[in-house]
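Here is model_17.txt, consisting of compact mmCIF, C-alpha atoms:
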```
# COMPACT_ATOMS: atom_id res chain seq x y z
CA MET I 273 -0.26 17.87 -2.52
CA VAL I 274 -1.92 15.61 0.02
CA ARG I 275 -4.55 13.47 -1.69
CA GLU I 276 -7.61 11.77 -0.25
CA ILE I 277 -7.00 8.14 0.74
CA LEU I 278 -9.82 5.83 -0.32
CA ILE I 279 -11.49 3.83 2.44
CA TRP I 280 -12.14 0.12 1.89
CA PRO I 281 -14.46 -1.31 0.59
CA ASP I 282 -14.20 1.36 -2.13
CA PRO I 283 -14.50 -0.57 -5.45
CA ILE I 284 -11.33 1.03 -6.87
CA LEU I 285 -9.32 -0.82 -4.21
CA LYS I 286 -10.47 -4.15 -5.73
CA GLN I 287 -9.21 -3.32 -9.23
CA LYS I 288 -5.86 -4.30 -10.72
CA ALA I 289 -3.53 -1.40 -11.44
CA LYS I 290 -2.07 -0.92 -14.92
CA PRO I 291 1.68 -0.87 -15.62
CA VAL I 292 3.29 2.54 -16.04
CA ALA I 293 4.34 2.87 -19.70
CA LYS I 294 6.75 5.79 -19.25
CA VAL I 295 8.35 7.37 -16.19
CA ASP I 296 7.88 11.09 -16.79
CA ASP I 297 7.23 14.30 -14.86
CA LYS I 298 3.55 13.38 -14.40
CA VAL I 299 4.56 10.10 -12.71
CA ARG I 300 7.16 11.90 -10.57
CA ALA I 301 4.53 14.47 -9.49
CA LEU I 302 2.19 11.62 -8.48
CA ILE I 303 5.03 10.02 -6.48
CA LYS I 304 5.69 13.33 -4.70
CA ASP I 305 1.98 13.62 -3.84
CA MET I 306 1.94 10.00 -2.64
CA PHE I 307 4.87 10.60 -0.29
CA GLU I 308 3.19 13.76 1.08
CA THR I 309 -0.06 11.85 1.55
CA MET I 310 1.65 8.90 3.24
CA TYR I 311 3.59 11.17 5.64
CA ALA I 312 0.47 13.22 6.45
CA ALA I 313 -1.32 9.97 7.37
CA GLU I 314 1.72 8.71 9.33
CA GLY I 315 2.02 5.58 7.19
CA VAL I 316 5.04 3.58 6.03
CA GLY I 317 3.66 2.72 2.60
CA LEU I 318 1.08 3.79 0.04
CA ALA I 319 -0.02 2.43 -3.32
CA ALA I 320 -1.41 4.56 -6.14
CA PRO I 321 -4.81 2.80 -6.11
CA GLN I 322 -5.27 4.03 -2.51
CA VAL I 323 -5.43 7.58 -3.89
CA GLY I 324 -7.67 6.52 -6.78
CA ILE I 325 -4.96 6.11 -9.44
CA LEU I 326 -4.87 2.66 -11.06
CA GLN I 327 -1.15 2.69 -11.85
CA ARG I 328 1.53 0.27 -10.60
CA ILE I 329 3.31 2.71 -8.26
CA ILE I 330 4.10 2.34 -4.56
CA VAL I 331 6.00 4.49 -2.09
CA LEU I 332 7.61 3.21 1.11
CA ASP I 333 9.45 4.70 4.07
CA THR I 334 10.10 2.34 6.97
CA ARG I 335 12.54 4.65 8.80
CA PRO I 336 10.28 4.86 11.86
CA GLN I 337 11.19 1.20 12.55
CA GLN I 338 14.24 0.73 10.30
CA PRO I 339 16.48 3.81 10.81
CA ASP I 340 18.94 2.74 8.09
CA ALA I 341 16.19 2.53 5.47
CA LYS I 342 15.54 5.25 2.93
CA PRO I 343 12.34 6.42 1.23
CA LEU I 344 11.62 4.36 -1.89
CA ALA I 345 9.36 4.82 -4.88
CA MET I 346 8.78 1.66 -6.91
CA ILE I 347 7.22 1.74 -10.36
CA ASN I 348 5.96 -1.53 -11.87
CA PRO I 349 7.33 -3.63 -8.97
CA GLU I 350 7.50 -7.39 -9.41
CA PHE I 351 8.82 -10.06 -7.09
CA VAL I 352 11.91 -11.94 -8.17
CA ALA I 353 11.99 -14.11 -5.02
CA LEU I 354 10.05 -14.60 -1.79
CA GLU I 355 11.82 -16.45 1.02
CA GLY I 356 10.87 -17.73 4.46
CA GLU I 357 7.75 -16.97 6.42
CA THR I 358 6.74 -14.45 9.03
CA THR I 359 3.55 -13.18 10.61
CA TYR I 360 3.12 -9.45 11.14
CA THR I 361 0.27 -7.41 12.59
CA GLU I 362 -0.62 -5.17 9.67
CA GLY I 363 -2.69 -2.04 9.39
CA CYS I 364 -3.61 -0.03 6.32
CA LEU I 365 -4.24 3.64 5.57
CA SER I 366 -7.36 2.56 3.63
CA ILE I 367 -8.62 0.60 6.65
CA PRO I 368 -7.90 3.04 9.50
CA GLY I 369 -7.91 1.81 13.07
CA GLU I 370 -7.80 -1.87 12.13
CA ALA I 371 -4.90 -4.33 12.48
CA GLU I 372 -4.71 -8.08 11.97
CA ASP I 373 -2.01 -10.75 11.76
CA VAL I 374 -1.03 -11.57 8.18
CA ASP I 375 1.36 -14.29 6.99
CA ARG I 376 3.98 -13.00 4.56
CA ALA I 377 7.38 -13.95 3.18
CA ALA I 378 10.19 -12.89 5.55
CA VAL I 379 12.41 -11.72 2.67
CA ALA I 380 11.23 -10.25 -0.64
CA THR I 381 13.45 -9.49 -3.60
CA VAL I 382 11.75 -7.03 -5.92
CA ARG I 383 12.59 -5.62 -9.35
CA TYR I 384 11.18 -2.19 -10.20
CA LEU I 385 11.79 1.08 -11.99
CA ASP I 386 12.97 4.04 -9.90
CA GLU I 387 11.87 7.66 -10.36
CA ASP I 388 14.42 8.05 -13.17
CA GLY I 389 13.03 5.04 -15.04
CA GLN I 390 16.09 2.93 -14.20
CA GLU I 391 15.59 -0.75 -13.38
CA GLN I 392 16.56 -1.66 -9.82
CA THR I 393 16.54 -4.87 -7.80
CA LEU I 394 16.30 -4.76 -4.01
CA ARG I 395 16.34 -7.49 -1.36
CA CYS I 396 14.00 -6.43 1.44
CA ASP I 397 13.68 -7.81 4.95
CA GLY I 398 11.98 -6.81 8.19
CA LEU I 399 9.26 -4.20 7.93
CA LEU I 400 10.35 -3.25 4.40
CA ALA I 401 9.65 -6.83 3.18
CA ILE I 402 6.21 -6.72 4.79
CA ALA I 403 5.44 -3.24 3.44
CA VAL I 404 6.50 -4.00 -0.14
CA GLN I 405 4.29 -7.12 -0.17
CA HIS I 406 1.37 -5.22 1.42
CA GLU I 407 1.60 -2.33 -1.06
CA THR I 408 2.10 -4.64 -4.05
CA ASP I 409 -1.08 -6.46 -2.98
CA HIS I 410 -2.91 -3.15 -3.50
CA LEU I 411 -1.71 -3.14 -7.12
CA GLU I 412 -3.45 -6.51 -7.55
CA GLY I 413 -6.72 -5.32 -6.00
CA THR I 414 -6.02 -7.07 -2.69
CA VAL I 415 -6.16 -5.52 0.78
CA PHE I 416 -4.74 -7.05 3.95
CA VAL I 417 -8.17 -8.11 5.21
CA ASP I 418 -8.40 -10.44 2.20
CA HIS I 419 -5.80 -12.49 4.11
CA VAL I 420 -7.93 -12.87 7.28
CA SER I 421 -11.00 -14.95 8.08
CA THR I 422 -14.33 -14.11 6.46
CA LEU I 423 -15.86 -13.36 9.87
CA LYS I 424 -13.14 -10.83 10.82
CA ARG I 425 -13.28 -9.29 7.35
CA GLU I 426 -17.07 -8.77 7.60
CA PHE I 427 -16.79 -7.11 11.02
CA ILE I 428 -14.11 -4.79 9.63
CA ARG I 429 -16.18 -4.10 6.48
CA LYS I 430 -19.13 -2.97 8.64
CA ARG I 431 -16.90 -0.65 10.68
CA MET I 432 -15.35 0.85 7.52
CA LYS I 433 -18.77 1.46 5.94
CA LYS I 434 -19.83 3.25 9.11
CA LEU I 435 -16.62 5.30 9.09
CA LYS I 436 -17.06 6.17 5.41
CA ALA I 437 -20.67 7.23 5.95
CA SER I 438 -19.75 9.46 8.87
CA ARG I 439 -16.95 11.08 6.84
CA GLU I 440 -19.30 11.73 3.94
CA GLN I 441 -21.72 13.44 6.34
CA GLY I 442 -18.87 15.52 7.76
CA ALA I 443 -19.36 14.13 11.25
CA PRO I 444 -16.46 13.08 13.47
CA ALA I 445 -15.87 9.36 13.00
CA SER I 446 -15.99 6.89 15.83
CA ALA I 447 -14.92 3.68 14.18
```

Serialized structure, structure tokens:
Amino acid sequence: MVREILIWPDPILKQKAKPVAKVDDKVRALIKDMFETMYAAEGVGLAAPQVGILQRIIVLDTRPQQPDAKPLAMINPEFVALEGETTYTEGCLSIPGEAEDVDRAAVATVRYLDEDGQEQTLRCDGLLAIAVQHETDHLEGTVFVDHVSTLKREFIRKRMKKLKASREQGAPASA
């Protein structure tokens, strides 16, 4: 089921997500919905808080730019190591139509539970490293515009409030 993606500055997006206590069918159903939602929105990553669920779950699929990658669901992800530096122009499904340069680690090693509840460790680079850091930020109540200047963030906030208002009124949005 495709779920509604919250638009920033929705207050839920500023909250910290809670760890998943048990990987069960309910969690797997949420992951399935998150993948469907992400694909419908043509994204490469989505965090549970973006669909209003304050649980530490992210889904990623960077195959559009990394053909050898595979779709990943990460439950309770935590970084083991962050290496190097890179700058990437990021966008976000919760901040549609906006993109800004964000400084990130070039390589991210992350430990997480998979959909079977098994612990995994993965070394990520390229777009996958960026995406896993971006989505994990959502679990901490951080969005990519928190990494840009206050002036840029305020311009984007005004555009998102306008977009949100037009969506609530059912009018076509012109962000």

With all atoms listed in the file counted and 12 Å as the cut-off, give the residues of segment 305-397 of chain I in contact with segment 409-415 of chain I, each with its shortest interatomic distance in Å and the pair that gives it, as CSV.
```
residue,atom,partner,partner_atom,distance
I:Gly317,CA,I:His410,CA,10.7
I:Leu318,CA,I:His410,CA,8.8
I:Ala319,CA,I:His410,CA,6.3
I:Ala320,CA,I:Leu411,CA,7.8
I:Pro321,CA,I:His410,CA,6.8
I:Gln322,CA,I:His410,CA,7.6
I:Val323,CA,I:His410,CA,11.0
I:Gly324,CA,I:His410,CA,11.3
I:Ile325,CA,I:Leu411,CA,10.1
I:Leu326,CA,I:Leu411,CA,7.7
I:Gln327,CA,I:Leu411,CA,7.5
I:Arg328,CA,I:Leu411,CA,5.9
I:Ile329,CA,I:Leu411,CA,7.8
I:Ile330,CA,I:Leu411,CA,8.4
I:Val331,CA,I:His410,CA,11.8
I:Met346,CA,I:Leu411,CA,11.5
I:Ile347,CA,I:Leu411,CA,10.7
I:Asn348,CA,I:Leu411,CA,9.2
I:Pro349,CA,I:Leu411,CA,9.2
I:Glu350,CA,I:Leu411,CA,10.4
I:Phe351,CA,I:Asp409,CA,11.3
I:Glu362,CA,I:Val415,CA,10.5
I:Gly363,CA,I:Val415,CA,9.9
I:Cys364,CA,I:Val415,CA,8.2
I:Leu365,CA,I:Val415,CA,10.5
I:Ser366,CA,I:Val415,CA,8.7
I:Ile367,CA,I:Val415,CA,8.8
I:Ala371,CA,I:Val415,CA,11.8
I:Glu372,CA,I:Val415,CA,11.6
I:Val374,CA,I:Val415,CA,10.8
I:Arg376,CA,I:Asp409,CA,11.2
```

Expressed in Å, the length from atom CA of Lys304 of chain I to atom CA of Asp388 of chain I is 13.3 Å

Practice prompt. Do a neighbour search on Val379 of chain I at 9 Å with only C-alpha atoms, toss out local chain neighbours closer than 3 positions, and write the hits as a list of chain:residue names.
Written response: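 Using only C-alpha atoms, the neighbours found are I:Ala353, I:Leu354, I:Glu355, I:Gly356, I:Glu357, I:Thr358, I:Arg376, I:Arg395, I:Cys396, I:Asp397, I:Gly398, I:Leu400, I:Ala401, I:Ile402.
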
Exercise. Hey, can you check how far atom CA of Asp373 of chain I sits from atom CA of Val417 of chain I?
Worked result: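 Atom-to-atom, atom CA of Asp373 of chain I and atom CA of Val417 of chain I are spaced 9.4 Å apart.
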
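Considering the residues I:Gly442, I:Thr381, I:Gly315, I:Ile279 and counting all atoms listed in the file, Gln337 of chain I has its shortest atom-to-atom contact with I:Gly315.
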
Problem - Top pick for closest residue to Thr359 of chain I, considering I:Leu399, I:Leu344, I:Val404, I:Val295 and counting all atoms listed in the file - result: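 That would be I:Leu399, the residue with the smallest distance to Thr359 of chain I.
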
Discussion item. Restricting the calculation to all atoms listed in the file: of I:Lys433, I:Lys298, I:His419, I:His406, which residue gets closest to Pro368 of chain I?
Written reply: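 Residue with the minimum atom-to-atom distance to Pro368 of chain I: I:Lys433.
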
With distances taken over all atoms listed in the file, which residue among I:Glu426, I:Ala403, I:Leu385, I:Gln441 lies nearest Val299 of chain I?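 Using all atoms listed in the file, Val299 of chain I sits closest to I:Leu385.
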
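Residue nearest Thr393 of chain I within the list I:Ala312, I:Val352, I:Thr422, I:Arg275: I:Val352 [criterion: smallest interatomic distance, only C-alpha atoms].
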